[in-house]
Structures are given as structure tokens and as C-alpha cells.
$ cat upload_18.txt   # compact mmCIF, C-alpha atoms
# COMPACT_ATOMS: atom_id res chain seq x y z
CA ALA V 3 127.75 144.95 114.23
CA THR V 4 130.45 145.50 116.82
CA VAL V 5 134.06 146.16 115.91
CA GLU V 6 135.00 142.77 117.34
CA SER V 7 132.48 140.90 115.21
CA ARG V 8 133.91 142.40 112.02
CA VAL V 9 137.53 141.53 112.85
CA LYS V 10 138.49 138.33 111.07
CA ILE V 11 141.78 136.76 112.07
CA TRP V 12 142.10 134.79 108.87
CA ARG V 13 144.01 131.51 108.90
CA PRO V 14 145.07 129.56 105.80
CA ARG V 15 143.83 125.98 105.63
CA ILE V 16 147.33 124.88 104.66
CA ASP V 17 150.45 126.75 105.77
CA PRO V 18 152.06 127.63 102.39
CA MET V 19 155.52 127.80 103.97
CA ARG V 20 155.83 124.21 105.09
CA SER V 21 158.30 122.91 102.49
CA GLN V 22 161.12 125.41 102.81
CA SER V 23 164.50 125.01 104.44
CA PRO V 24 165.46 126.44 107.87
CA SER V 25 167.21 129.75 108.33
CA ILE V 26 170.98 130.16 108.53
CA PHE V 27 172.53 132.79 110.75
CA PRO V 28 176.25 133.45 111.36
CA ALA V 29 177.18 133.14 115.01
CA CYS V 30 179.28 136.30 114.96
CA LEU V 31 176.44 138.62 113.91
CA ALA V 32 175.13 139.43 117.39
CA ALA V 33 178.52 140.88 118.31
CA LEU V 34 178.63 142.81 115.04
CA LEU V 35 175.24 144.39 115.78
CA VAL V 36 176.29 145.56 119.20
CA LEU V 37 179.49 147.05 117.76
CA TYR V 38 177.75 148.74 114.84
CA ILE V 39 174.90 150.23 116.86
CA GLY V 40 177.37 151.50 119.42
CA THR V 41 179.54 153.22 116.83
CA ALA V 42 176.86 154.42 114.41
CA ASN V 43 175.66 157.12 116.77
CA ALA V 44 177.15 156.85 120.22
CA ALA V 45 175.24 159.88 121.48
CA SER V 46 171.90 158.36 120.53
CA PRO V 47 171.24 154.86 121.88
CA ARG V 48 167.50 155.22 121.11
CA TYR V 49 166.45 153.67 117.83
CA PHE V 50 163.63 152.06 115.90
CA ILE V 51 163.51 149.63 112.96
CA GLN V 52 161.85 149.90 109.54
CA ILE V 53 161.05 146.74 107.58
CA THR V 54 159.24 146.81 104.26
CA ASP V 55 158.37 145.11 100.97
CA ILE V 56 158.93 141.52 102.02
CA HIS V 57 157.05 139.96 99.07
CA LEU V 58 157.24 136.42 100.39
CA ASP V 59 156.89 133.77 97.67
CA PRO V 60 156.34 130.26 99.09
CA LEU V 61 156.78 128.65 95.65
CA TYR V 62 160.18 130.18 94.86
CA GLU V 63 162.66 127.47 93.88
CA PRO V 64 166.42 127.86 93.29
CA GLN V 65 167.73 127.00 89.81
CA THR V 66 164.43 127.71 88.09
CA SER V 67 163.67 130.12 85.25
CA LEU V 68 163.88 133.87 85.86
CA ASP V 69 161.33 134.39 83.09
CA LEU V 70 158.86 132.17 84.93
CA ASP V 71 159.09 134.02 88.25
CA CYS V 72 161.73 131.66 89.75
CA ARG V 73 159.11 128.93 90.09
CA HIS V 74 159.20 126.68 87.00
CA LEU V 75 161.52 124.74 84.68
CA TRP V 76 165.26 125.32 85.09
CA GLY V 77 167.41 128.40 85.12
CA ASP V 78 169.50 130.78 87.20
CA ALA V 79 167.33 131.55 90.23
CA GLY V 80 169.62 132.00 93.22
CA LYS V 81 169.42 130.15 96.50
CA TRP V 82 168.85 133.36 98.51
CA GLY V 83 166.89 135.30 95.92
CA THR V 84 167.30 136.70 92.43
CA ARG V 85 168.05 140.34 91.85
CA LEU V 86 165.85 142.35 89.44
CA TYR V 87 163.41 139.53 88.72
CA CYS V 88 161.72 137.51 91.44
CA ASP V 89 160.12 137.73 94.86
CA ALA V 90 161.60 136.51 98.14
CA PRO V 91 162.21 132.84 98.94
CA LYS V 92 161.23 131.73 102.41
CA ARG V 93 164.93 131.11 103.16
CA LEU V 94 165.64 134.85 102.76
CA VAL V 95 162.66 135.92 104.88
CA ASP V 96 163.60 133.43 107.61
CA TYR V 97 167.12 134.79 107.69
CA SER V 98 166.02 138.44 107.71
CA PHE V 99 163.75 137.93 110.70
CA GLU V 100 166.44 135.92 112.49
CA PHE V 101 168.74 138.92 111.97
CA LEU V 102 166.06 141.13 113.49
CA ARG V 103 165.68 138.73 116.42
CA ARG V 104 169.40 138.99 117.18
CA LEU V 105 169.21 142.75 116.86
CA VAL V 106 166.35 142.88 119.37
CA GLN V 107 168.19 140.56 121.73
CA ALA V 108 171.33 142.70 121.55
CA ASN V 109 169.61 146.06 121.96
CA PRO V 110 165.77 146.26 121.87
CA PRO V 111 164.34 149.07 119.69
CA ASP V 112 161.71 151.47 120.97
CA PHE V 113 159.30 150.46 118.19
CA VAL V 114 159.08 148.99 114.68
CA ILE V 115 157.48 150.45 111.56
CA TRP V 116 156.41 147.89 108.98
CA THR V 117 155.50 149.69 105.79
CA GLY V 118 153.65 147.11 103.74
CA ASP V 119 153.75 144.68 100.80
CA ASN V 120 153.84 141.18 102.25
CA ALA V 121 152.52 139.04 99.38
CA ARG V 122 154.30 138.14 96.15
CA HIS V 123 153.67 140.09 92.97
CA ASP V 124 151.09 138.70 90.56
CA SER V 125 153.72 138.06 87.92
CA ASP V 126 153.75 134.27 87.50
CA PRO V 127 152.15 133.59 84.09
CA LEU V 128 151.29 130.04 85.08
CA ILE V 129 149.93 130.48 88.63
CA LYS V 130 147.92 133.66 89.11
CA ARG V 131 147.71 135.19 92.55
CA THR V 132 144.40 134.61 94.35
CA LYS V 133 142.70 136.60 97.06
CA GLU V 134 143.04 133.60 99.39
CA GLU V 135 146.81 133.56 98.83
CA VAL V 136 147.12 137.29 99.54
CA LEU V 137 145.21 136.87 102.81
CA ALA V 138 147.31 133.84 103.71
CA LEU V 139 150.59 135.68 103.12
CA ASN V 140 149.37 138.72 105.07
CA TRP V 141 148.71 136.38 107.98
CA ARG V 142 152.01 134.51 107.57
CA VAL V 143 154.18 137.64 107.58
CA ALA V 144 152.28 138.92 110.62
CA GLN V 145 153.38 135.71 112.36
CA TYR V 146 157.01 136.45 111.51
CA VAL V 147 156.63 139.92 113.02
CA SER V 148 154.87 138.59 116.12
CA ASP V 149 157.49 135.88 116.63
CA VAL V 150 160.30 138.44 116.74
CA PHE V 151 158.74 141.59 118.20
CA GLY V 152 155.84 140.13 120.17
CA PRO V 153 153.31 139.34 121.41
CA SER V 154 154.18 135.72 120.54
CA PRO V 155 155.57 133.87 123.59
CA SER V 156 158.67 133.03 121.53
CA ALA V 157 159.43 136.68 120.77
CA ALA V 158 162.72 138.25 121.81
CA ALA V 159 160.82 141.15 123.40
CA ASN V 160 157.42 142.82 123.29
CA ILE V 161 157.98 145.84 121.03
CA PRO V 162 155.33 148.25 119.69
CA VAL V 163 154.76 147.65 115.97
CA ILE V 164 153.09 150.05 113.50
CA PRO V 165 152.03 148.22 110.31
CA SER V 166 150.66 149.96 107.22
CA ILE V 167 148.94 148.73 104.07
CA GLY V 168 150.85 148.09 100.83
CA ASN V 169 149.41 147.90 97.33
CA ASN V 170 150.18 144.16 97.25
CA ASP V 171 148.46 143.51 100.58
CA VAL V 172 145.06 143.95 98.92
CA SER V 173 143.19 141.98 96.29
CA PRO V 174 142.83 142.83 93.48
CA HIS V 175 146.30 144.38 93.39
CA ASN V 176 146.22 148.18 93.90
CA PHE V 177 142.46 148.32 94.61
CA LEU V 178 141.05 149.11 98.04
CA ALA V 179 137.51 150.34 98.64
CA ALA V 180 136.07 152.07 101.68
CA GLY V 181 135.74 149.90 104.76
CA PRO V 182 134.49 147.92 106.39
CA ASN V 183 135.38 145.17 103.92
CA ASP V 184 136.92 141.73 104.09
CA VAL V 185 140.47 142.89 103.23
CA LEU V 186 140.51 145.55 105.96
CA ALA V 187 138.92 143.08 108.37
CA ASN V 188 141.65 140.54 107.55
CA LEU V 189 144.43 143.07 108.12
CA THR V 190 142.81 144.43 111.28
CA GLY V 191 142.57 140.93 112.68
CA ASN V 192 146.18 140.14 111.85
CA TRP V 193 147.38 143.44 113.34
CA GLN V 194 145.04 143.49 116.33
CA PRO V 195 147.86 143.01 118.89
CA TRP V 196 149.50 146.25 117.73
CA ILE V 197 146.55 148.58 117.02
CA PRO V 198 145.24 150.57 120.00
CA ALA V 199 141.67 149.64 120.92
CA SER V 200 140.63 153.27 120.48
CA GLN V 201 141.87 153.15 116.85
CA MET V 202 140.28 149.85 115.82
CA GLN V 203 137.29 151.53 114.18
CA ASN V 204 139.57 153.80 112.12
CA MET V 205 141.48 150.75 110.90
CA LEU V 206 138.35 148.80 110.00
CA ASN V 207 136.71 151.69 108.18
CA GLY V 208 139.72 153.39 106.61
CA GLY V 209 142.91 151.35 107.06
CA TYR V 210 144.65 154.07 109.09
CA TYR V 211 145.32 154.80 112.77
CA VAL V 212 147.72 156.48 115.18
CA LYS V 213 149.72 154.87 117.98
CA THR V 214 151.19 156.77 120.93
CA ILE V 215 154.73 155.54 121.58
CA SER V 216 155.47 157.92 124.46
CA PRO V 217 153.88 161.09 125.87
CA SER V 218 156.01 163.04 123.39
CA LEU V 219 155.68 160.88 120.25
CA ASP V 220 152.81 159.59 118.09
CA VAL V 221 153.41 157.35 115.06
CA TYR V 222 150.79 157.46 112.30
CA SER V 223 149.95 154.62 109.92
CA VAL V 224 148.88 156.38 106.72
CA ASN V 225 146.74 154.41 104.25
CA SER V 226 148.42 155.49 101.03
CA MET V 227 146.03 153.29 99.03
CA TYR V 228 143.41 156.05 99.27
CA PHE V 229 145.90 158.50 97.71
CA TYR V 230 147.51 156.16 95.14
CA ASN V 231 146.47 157.03 91.60
CA GLN V 232 146.40 153.36 90.58
CA ASN V 233 143.47 152.67 92.93
CA ASN V 234 140.42 152.86 90.69
CA LEU V 235 138.04 152.50 93.63
CA THR V 236 138.51 156.09 94.72
CA VAL V 237 139.05 159.53 93.16
CA ASP V 238 141.16 162.64 93.70
CA CYS V 239 140.75 164.62 96.90
CA ASP V 240 138.94 167.53 95.21
CA GLN V 241 136.13 165.28 93.97
CA PRO V 242 132.96 164.05 95.72
CA GLY V 243 133.31 160.67 97.42
CA SER V 244 137.09 160.84 97.72
CA LEU V 245 138.37 158.36 100.31
CA GLY V 246 141.64 160.29 100.39
CA LEU V 247 139.84 163.49 101.41
CA GLN V 248 138.23 161.70 104.37
CA HIS V 249 141.66 160.40 105.35
CA LEU V 250 143.23 163.88 105.11
CA ARG V 251 140.50 165.35 107.31
CA TRP V 252 141.24 162.69 109.93
CA LEU V 253 144.99 163.36 109.62
CA ASN V 254 144.48 167.09 110.07
CA ALA V 255 142.27 166.72 113.14
CA THR V 256 144.47 164.08 114.76
CA LEU V 257 147.73 165.92 114.09
CA ALA V 258 146.14 168.95 115.76
CA GLN V 259 145.60 166.81 118.86
CA THR V 260 149.23 165.64 118.76
CA SER V 261 150.40 169.24 118.37
CA ASN V 262 148.15 170.58 121.12
CA ARG V 263 149.63 167.97 123.45
CA GLY V 264 153.12 169.30 122.71
CA ALA V 265 154.10 165.98 121.12
CA ARG V 266 155.79 165.18 117.79
CA ALA V 267 154.64 162.86 114.98
CA ILE V 268 156.18 160.40 112.53
CA LEU V 269 154.03 159.65 109.47
CA THR V 270 154.53 156.19 107.94
CA GLY V 271 152.98 154.43 104.97
CA HIS V 272 153.66 152.50 101.78
CA VAL V 273 153.37 154.48 98.53
CA PRO V 274 155.41 157.68 99.05
CA PRO V 275 153.77 161.11 98.63
CA ASN V 276 154.47 162.34 95.11
CA ASP V 277 152.44 164.24 92.53
CA GLN V 278 153.04 161.48 89.95
CA LEU V 279 152.24 158.54 92.25
CA TRP V 280 149.37 160.08 94.23
CA PHE V 281 146.28 161.81 92.95
CA SER V 282 147.48 165.35 92.33
CA ASN V 283 145.10 167.16 94.69
CA CYS V 284 145.63 164.57 97.42
CA TYR V 285 149.36 165.18 97.14
CA LEU V 286 148.88 168.96 97.22
CA GLN V 287 146.73 168.77 100.35
CA TYR V 288 149.24 166.42 102.02
CA VAL V 289 152.04 168.92 101.38
CA GLN V 290 149.88 171.76 102.72
CA LEU V 291 149.09 169.69 105.81
CA SER V 292 152.81 168.91 106.23
CA ARG V 293 153.63 172.59 106.03
CA ALA V 294 150.93 173.48 108.57
CA PHE V 295 152.33 170.89 111.01
CA GLN V 296 155.99 171.27 110.06
CA ASN V 297 157.01 171.82 113.68
CA THR V 298 155.10 168.71 114.76
CA ILE V 299 156.05 166.18 112.06
CA VAL V 300 159.61 164.87 112.40
CA GLY V 301 159.53 162.38 109.51
CA HIS V 302 157.63 160.99 106.53
CA LEU V 303 158.80 157.36 106.25
CA TYR V 304 157.58 155.36 103.27
CA ALA V 305 158.56 152.48 100.96
CA HIS V 306 157.18 150.85 97.74
CA THR V 307 159.99 151.42 95.19
CA HIS V 308 162.34 148.84 96.81
CA ALA V 309 165.08 151.47 96.49
CA ASP V 310 166.84 153.75 98.98
CA GLN V 311 165.55 157.24 98.10
CA PHE V 312 164.36 160.58 99.36
CA ALA V 313 162.24 163.40 97.95
CA LEU V 314 161.37 166.87 99.18
CA LEU V 315 157.72 167.81 99.69
CA ARG V 316 156.80 170.86 97.60
CA GLU V 317 153.56 172.27 96.23
CA THR V 318 155.39 173.40 93.08
CA PRO V 319 158.97 172.89 91.84
CA THR V 320 159.93 176.34 93.16
CA SER V 321 158.16 176.12 96.55
CA PRO V 322 160.30 175.89 99.68
CA PRO V 323 160.24 172.31 100.97
CA ALA V 324 157.70 171.44 103.66
CA GLY V 325 159.53 168.27 104.66
CA VAL V 326 161.46 165.28 103.35
CA VAL V 327 160.05 161.87 102.39
CA ASN V 328 162.41 158.96 103.08
CA VAL V 329 161.91 155.72 101.16
CA ALA V 330 163.46 152.57 102.66
CA PRO V 331 164.83 149.67 100.58
CA SER V 332 163.13 146.29 100.60
CA VAL V 333 163.63 142.92 102.24
CA VAL V 334 162.97 141.27 98.87
CA SER V 335 166.19 141.34 96.89
CA SER V 336 165.10 143.46 93.94
CA TYR V 337 168.58 144.96 94.33
CA ASN V 338 170.08 143.67 97.59
CA SER V 339 167.95 142.66 100.56
CA ALA V 340 167.89 145.32 103.29
CA VAL V 341 166.54 146.41 106.68
CA ARG V 342 166.81 149.90 108.15
CA VAL V 343 167.63 151.25 111.60
CA TRP V 344 166.66 154.82 112.51
CA PHE V 345 168.35 156.62 115.39
CA TYR V 346 166.29 159.35 117.00
CA ASP V 347 166.26 161.67 119.99
CA GLY V 348 163.73 159.57 121.85
CA GLY V 349 162.00 161.15 124.80
CA ASN V 350 163.25 164.64 123.98
CA THR V 351 162.68 166.35 120.62
CA ASN V 352 162.17 162.97 118.88
CA ASP V 353 164.11 164.37 115.92
CA LEU V 354 165.52 161.82 113.49
CA LEU V 355 169.29 161.68 113.98
CA ASP V 356 170.79 159.09 111.63
CA ILE V 357 170.17 156.05 109.43
CA ALA V 358 172.09 152.79 109.77
CA GLN V 359 171.42 150.68 106.69
CA PHE V 360 172.00 146.92 106.69
CA TYR V 361 172.05 144.76 103.58
CA ILE V 362 172.84 141.32 102.15
CA ASP V 363 175.30 141.07 99.27
CA LEU V 364 173.24 138.73 97.12
CA ASP V 365 176.09 137.83 94.77
CA ALA V 366 178.19 136.60 97.70
CA ALA V 367 175.23 134.81 99.30
CA ASN V 368 174.40 132.96 96.07
CA SER V 369 177.99 131.93 95.33
CA ALA V 370 178.87 128.25 95.47
CA SER V 371 180.23 128.42 99.03
CA GLY V 372 178.24 131.47 100.13
CA THR V 373 175.47 132.13 102.63
CA ALA V 374 173.46 135.20 103.54
CA LYS V 375 175.16 137.72 105.82
CA MET V 376 173.36 140.89 106.82
CA ALA V 377 176.11 143.51 107.12
CA PRO V 378 176.37 147.27 107.63
CA GLU V 379 176.10 149.17 104.35
CA TYR V 380 176.38 152.79 105.52
CA THR V 381 175.36 155.40 108.05
CA TRP V 382 173.84 158.55 106.60
CA LEU V 383 175.71 161.25 108.55
CA SER V 384 179.18 159.87 107.94
CA THR V 385 178.53 158.86 104.32
CA TYR V 386 177.12 162.19 103.19
CA GLN V 387 179.18 164.21 105.72
CA TYR V 388 176.49 166.11 107.57
CA ARG V 389 176.25 167.00 111.25
CA ASN V 390 172.48 166.42 111.45
CA MET V 391 169.46 165.24 109.47
CA SER V 392 167.67 168.60 109.48
CA LEU V 393 165.60 169.65 106.48
CA SER V 394 168.40 172.01 105.44
CA SER V 395 170.76 169.01 105.18
CA TRP V 396 168.37 167.20 102.83
CA ILE V 397 167.92 170.35 100.74
CA ASP V 398 171.69 170.62 100.44
CA LEU V 399 172.02 166.94 99.53
CA GLU V 400 169.46 167.41 96.75
CA ARG V 401 171.60 170.30 95.43
CA ARG V 402 174.79 168.23 95.60
CA ILE V 403 173.22 165.31 93.72
CA VAL V 404 172.34 167.68 90.88
CA THR V 405 175.62 169.62 90.80
CA ASP V 406 178.33 167.20 91.98
CA PRO V 407 178.97 164.01 89.93
CA ASN V 408 180.70 162.28 92.85
CA THR V 409 177.70 162.78 95.14
CA LYS V 410 175.36 161.66 92.35
CA SER V 411 177.42 158.49 91.84
CA LEU V 412 177.42 157.73 95.57
CA TYR V 413 173.69 158.35 95.86
CA ASP V 414 172.94 156.08 92.89
CA LYS V 415 175.10 153.32 94.35
CA LEU V 416 173.21 153.42 97.66
CA LYS V 417 169.85 153.97 95.96
CA PHE V 418 170.23 150.49 94.45
CA VAL V 419 171.56 149.03 97.74
CA SER V 420 175.15 148.54 96.55
CA SER V 421 173.95 146.01 93.99
CA GLY V 422 175.84 147.47 91.04
CA TYR V 423 172.58 147.98 89.16
CA THR V 424 172.57 150.60 86.41
CA PRO V 425 169.56 151.80 84.36
CA LYS V 426 171.13 150.19 81.25
CA GLN V 427 169.94 146.84 82.62
CA ALA V 428 166.30 147.91 82.55
CA GLN V 429 165.52 146.29 79.19
CA THR V 430 166.07 142.80 80.60
CA LEU V 431 163.89 143.12 83.69
CA SER V 432 160.61 141.51 84.68
CA ASN V 433 157.49 143.61 84.13
CA HIS V 434 156.94 144.34 87.82
CA MET V 435 160.55 145.52 88.19
CA LYS V 436 160.19 147.80 85.16
CA HIS V 437 157.11 149.30 86.79
CA LEU V 438 158.94 149.79 90.11
CA LEU V 439 161.82 151.54 88.33
CA GLU V 440 159.37 153.82 86.54
CA GLU V 441 157.78 154.79 89.85
CA SER V 442 161.19 155.17 91.47
CA SER V 443 162.22 157.64 88.77
CA LEU V 444 158.94 159.56 89.14
CA LEU V 445 159.73 160.08 92.81
CA GLU V 446 162.84 162.09 91.90
CA LYS V 447 161.31 164.32 89.21

$ encode --input "upload_18.txt" --output "C-alpha cells"
Amino acid sequence: ATVESRVKIWRPRIDPMRSQSPSIFPACLAALLVLYIGTANAASPRYFIQITDIHLDPLYEPQTSLDLDCRHLWGDAGKWGTRLYCDAPKRLVDYSFEFLRRLVQANPPDFVIWTGDNARHDSDPLIKRTKEEVLALNWRVAQYVSDVFGPSPSAAANIPVIPSIGNNDVSPHNFLAAGPNDVLANLTGNWQPWIPASQMQNMLNGGYYVKTISPSLDVYSVNSMYFYNQNNLTVDCDQPGSLGLQHLRWLNATLAQTSNRGARAILTGHVPPNDQLWFSNCYLQYVQLSRAFQNTIVGHLYAHTHADQFALLRETPTSPPAGVVNVAPSVVSSYNSAVRVWFYDGGNTNDLLDIAQFYIDLDAANSASGTAKMAPEYTWLSTYQYRNMSLSSWIDLERRIVTDPNTKSLYDKLKFVSSGYTPKQAQTLSNHMKHLLEESSLLEK
């Protein structure tokens, strides 16, 4: 069968979003974006956007029970979302993409990385998540992306997008087999406008691909599902039949092509590289690959924990770091809803230069007279007082977090997106949030 015959652009029979209210967007925000982008890094007007962990829930209802996934009976579910418990109401997703539309209109990014997890968690005890719903929500979020970044005719611009697969974009949750299969075909069809034709076979068979942004920059979509140790349909990379080993071989060969061209690479994906989250040998080989291509790779940009984190890539606790993994906070308001802007030296070294983090104060949004307002939270250089985002800066920040209580307090505040969350609240959380916090803590061990 041809590639085209296996690509299924799946459409839901009924649009599950039809009953929700329209978005609300403050008229002053476009001016704020221009001001903030201009001041965040005046020497670097080139930037790209990272969006992740949307977890759209079409059945979310305000004033329903937190213990029933903000869907049933009565309770304290907020109008714009509910911190620490539930997935994202359509109202919040509408607003977030309207924010992104205004951002694109004010100053178009060079590209967008979209690092997975579109569907709700399977945490409603009364309505279990079905494969059809997962496929429908994958399609629906792809329409949001297309409507803002193109190629939809209503888009603000036509911007390159690099999607990657999250552990909630597959059904059953966490499980993804070798392709071709119906889940990969669904995602390939939804993402067809953004995947290069030469990479379509890689996406159909393995869920990964590379996209050339400029002659000097390639962005890789890493399929972390083949490395994730919760995926029972594959094995560690030192065992026969490992899907992760096949992926690593492709990464190694393709990064060599990027390097031989004199270009740089950004690696993006969902579950971050970590010896507790990934199969141990897969993680080891990824670190070794990162070390071999350390002069080529400018960033490892991931997601999954819903928190704002980083971790250094090391073979052992005493090894010198081979790179830094950055984890972006989520659109879903597990803490506060967020989107990330990356400044970079586009067209030159392509080095990452700064982060501008935007967030919604959910308490203010859910107040009696409140509404959602995406506002600047911080910029990395000025907040942590560094002159650049080199690996040595991240190594020093790791040291400061361990040795300086003030830096640790600041990092923890931003890790939880200025939500005021503290680990003491963990006993009252939903099961999926407890699991996310466990994985978040593993990332920093």
C-alpha cells in the first residue's frame, strides 16, 4: 500500500466541542505582547513558540465535583479550569489559542513546536475514555493549531509546526506499537500539512521525523513513546525487537546528516529523557548520542509533567553533562495555564537565547468578576541573572538550587507556574495529578 492510502484524516461524526461558550480576549493584550517581546530580548527578535499538554475535555462543566473530574454533580470546578484536579475546559483552550493568534499577528514566530497530549486523561470514573474520543480530540486540537498557525485559510499566518506524540494521544493510554497502525495513521493524517513529504514514511512507521526550518536548522520530532518505560508494547534498547533502538539508529544517522551539512538541531518530544521515565538503556544511548552530537544539538525541548523544569543529561550522577533537557509547563491548568516563547539566534548559530514564559493566574480568572488574562510570568535570563543560556549556566543553576535556599524557593515557585502549590497539598490530588508529580520529582533525581 502507498503512504497516501494508509494516511487516515479521521473526522468525528459529531464535533464534541459544539456546546461550549466562545472565547474571551482582552483588547489590550496585543499591545502587551509587542511590548513584552520587544523588551524580553531586544537583541534577538527571532523566536519560536512551544505549546504542550492541552488535555482538552469537552465535557468539563463549571461548578461540578472535583472528585468526578469536573463533569458531574455539583462542586467547586472553576469557570476557566481547576488547578490540581481536572482537564481543560474548551473555554480555556479557546482563549489560549486566541492569545497565540494575537501573538502571531503582532510578531510571527519562525516556527512552533507542539509537544503532545491533546486528549483528556482517562480519569472520569463514570465515562471512560474511548479510542474514538482520543482520535476525535487529536483531530480537534489539530484544527485549533491549523486555524492559528496555518494552513487553514483563517490562520493569522502560515507557520511551520512540529508536532510530537504524547502518551495521551494514543489508545490505550501509554501504549504504542510499531507502525503502520491506525493511531499513527490518524496522527499522520491530522499532521500531514506540517510533515515533509520525504518524512511521511518515518511518521507512519515510527511516529518520528525531522523538519528543516532553514539551511542552518533542523527540528526533530522524537517519538518518546518508544523510550517510555510505561509502554508495554516495546522493550529496552539493549533487547531484541526494541522500537526505541530502531528510533535511536535513525536519530544517529539523521543527526549525522544535519552535522555534515553544518547545521544545528533542536530535539523535541513529549516524555523527557530520564533514567527513571525512559527504559534505562534507551536513556543511556540517548545521552551518548547527545554527547556525540553536542556541537550540533542546541536544545532538548520536552513536556509531560505539566511543570516548568530542567534536568541535565548524564550517563551517571558524576558524569559531566552532555546537554540540558527543558520541560515546558502545560496549557491545561494543573498549576496555572501556560505557553512558552523561546528566543534564539535564528539564521546564525541557532543557539537558544532566552525563555519568555506566559501564564494565566487561575485564581484571578475564576473569581466572581474575573476573566482569563495571559500575562508575562518571567524571562529566564533576568530572573536567574545569567548572561546566556549556555550549558555552563544550567550547570551553575543546578548548583544554586541545591546550595542556595533563595534560588531553590524561586525555582519551586516557577516550577509550579506561580500557582502557590506546595508538595504538602499532594494528599488531596486526583490520581493522575499524583502520578504527574511523581514523574516530575523523578526528573530531578

$ residues_around --input "upload_18.txt" --residues "Gly246 in chain V" --least-positions-apart "6" --cutoff "9 Å" --atoms "only C-alpha atoms" --output "ChimeraX atom specification"
/V:225-230,236-239,281,284

$ closest_residue --input "upload_18.txt" --among "V:Met202, V:Ala313, V:Ile197, V:Leu58" --to "Pro182 in chain V" --atoms "only C-alpha atoms"
V:Met202

$ residues_around --input "upload_18.txt" --residues "Thr385 in chain V" --least-positions-apart "3" --cutoff "12 Å" --atoms "all atoms listed in the file" --output "PyMOL selection string"
chain V and resi 42+356-359+379-382+388-389+399+409+412-413+415-416

$ residues_around --input "upload_18.txt" --residues "Asp220 in chain V" --least-positions-apart "6" --cutoff "6 Å" --atoms "all atoms listed in the file" --output "MDAnalysis selection string"
chainID V and resid 213:214 267

$ residues_around --input "upload_18.txt" --residues "Tyr211 in chain V" --least-positions-apart "4" --cutoff "6 Å" --atoms "all atoms listed in the file" --output "ChimeraX atom specification"
/V:201,204-205,223

$ atom_distance --input "upload_18.txt" --atom1 "CA of Val95 in chain V" --atom2 "CA of Ser335 in chain V"
10.3 Å

$ closest_atom_pairs --input "upload_18.txt" --of "range 211-231 of chain V" --to "range 111-114 of chain V" --cutoff "10 Å" --atoms "only C-alpha atoms" --output "tab-separated table"
residue	atom	partner	partner_atom	distance
V:Ile215	CA	V:Phe113	CA	7.6
V:Ser216	CA	V:Asp112	CA	9.6
V:Val221	CA	V:Phe113	CA	9.6

$ closest_residue --input "upload_18.txt" --among "V:Gly271, V:Pro198, V:Gly209, V:Gly152" --to "Ala180 in chain V" --atoms "all atoms listed in the file"
V:Gly209

$ atom_distance --input "upload_18.txt" --atom1 "CA of Asn338 in chain V" --atom2 "CA of Ala90 in chain V"
11.1 Å

$ atom_distance --input "upload_18.txt" --atom1 "CA of Ser292 in chain V" --atom2 "CA of Pro323 in chain V"
9.7 Å

$ residues_around --input "upload_18.txt" --residues "Pro217 in chain V" --least-positions-apart "3" --cutoff "10 Å" --atoms "all atoms listed in the file" --output "NGL selection string"
:V and (214 or 220 or 260 or 263-266 or 349)

$ closest_residue --input "upload_18.txt" --among "V:Leu189, V:Leu253, V:Cys72, V:Ala79" --to "Leu364 in chain V" --atoms "all atoms listed in the file"
V:Ala79

$ closest_residue --input "upload_18.txt" --among "V:Gln259, V:Ser339, V:Ser369, V:Ser394" --to "Phe295 in chain V" --atoms "all atoms listed in the file"
V:Gln259

$ closest_residue --input "upload_18.txt" --among "V:Arg104, V:Lys133, V:His306, V:Arg93" --to "His272 in chain V" --atoms "all atoms listed in the file"
V:His306

$ closest_residue --input "upload_18.txt" --among "V:Leu314, V:Asp171, V:Ser148, V:Ala158" --to "Pro195 in chain V" --atoms "all atoms listed in the file"
V:Ser148

$ decode --input "upload_18.txt" --residues "range 379-391 of chain V" --atoms "N, CA, C and O atoms" --output "mmCIF file, in the first residue's frame"
data_model
loop_
_atom_site.group_PDB
_atom_site.id
_atom_site.type_symbol
_atom_site.label_atom_id
_atom_site.label_comp_id
_atom_site.auth_asym_id
_atom_site.auth_seq_id
_atom_site.Cartn_x
_atom_site.Cartn_y
_atom_site.Cartn_z
ATOM 1 N N GLU V 379 5.025 35.945 32.865
ATOM 2 C CA GLU V 379 5.408 35.433 34.179
ATOM 3 C C GLU V 379 6.870 35.765 34.482
ATOM 4 O O GLU V 379 7.175 36.328 35.531
ATOM 5 N N TYR V 380 7.773 35.433 33.571
ATOM 6 C CA TYR V 380 9.189 35.739 33.775
ATOM 7 C C TYR V 380 9.944 35.576 32.473
ATOM 8 O O TYR V 380 9.459 34.960 31.521
ATOM 9 N N THR V 381 11.144 36.142 32.425
ATOM 10 C CA THR V 381 12.137 35.778 31.413
ATOM 11 C C THR V 381 13.319 35.144 32.140
ATOM 12 O O THR V 381 13.687 35.558 33.243
ATOM 13 N N TRP V 382 13.907 34.137 31.518
ATOM 14 C CA TRP V 382 14.884 33.290 32.213
ATOM 15 C C TRP V 382 16.157 34.057 32.568
ATOM 16 O O TRP V 382 16.642 33.979 33.700
ATOM 17 N N LEU V 383 16.719 34.801 31.614
ATOM 18 C CA LEU V 383 17.990 35.483 31.868
ATOM 19 C C LEU V 383 17.886 36.465 33.017
ATOM 20 O O LEU V 383 18.724 36.484 33.921
ATOM 21 N N SER V 384 16.852 37.292 33.001
ATOM 22 C CA SER V 384 16.748 38.316 34.035
ATOM 23 C C SER V 384 16.354 37.709 35.379
ATOM 24 O O SER V 384 16.818 38.169 36.436
ATOM 25 N N THR V 385 15.530 36.668 35.371
ATOM 26 C CA THR V 385 15.074 36.078 36.628
ATOM 27 C C THR V 385 16.203 35.364 37.358
ATOM 28 O O THR V 385 16.386 35.523 38.568
ATOM 29 N N TYR V 386 16.979 34.576 36.615
ATOM 30 C CA TYR V 386 18.060 33.816 37.242
ATOM 31 C C TYR V 386 19.415 34.527 37.147
ATOM 32 O O TYR V 386 20.416 34.016 37.653
ATOM 33 N N GLN V 387 19.431 35.683 36.476
ATOM 34 C CA GLN V 387 20.612 36.555 36.426
ATOM 35 C C GLN V 387 21.813 35.879 35.760
ATOM 36 O O GLN V 387 22.901 35.773 36.338
ATOM 37 N N TYR V 388 21.559 35.461 34.517
ATOM 38 C CA TYR V 388 22.644 34.941 33.681
ATOM 39 C C TYR V 388 22.754 35.782 32.417
ATOM 40 O O TYR V 388 21.790 36.426 31.988
ATOM 41 N N ARG V 389 23.925 35.727 31.801
ATOM 42 C CA ARG V 389 24.154 36.469 30.557
ATOM 43 C C ARG V 389 23.813 35.644 29.327
ATOM 44 O O ARG V 389 23.641 36.185 28.245
ATOM 45 N N ASN V 390 23.721 34.315 29.482
ATOM 46 C CA ASN V 390 23.384 33.460 28.346
ATOM 47 C C ASN V 390 22.787 32.164 28.872
ATOM 48 O O ASN V 390 22.773 31.908 30.081
ATOM 49 N N MET V 391 22.284 31.345 27.938
ATOM 50 C CA MET V 391 21.688 30.060 28.284
ATOM 51 C C MET V 391 22.625 28.912 27.906
ATOM 52 O O MET V 391 22.176 27.833 27.524
#
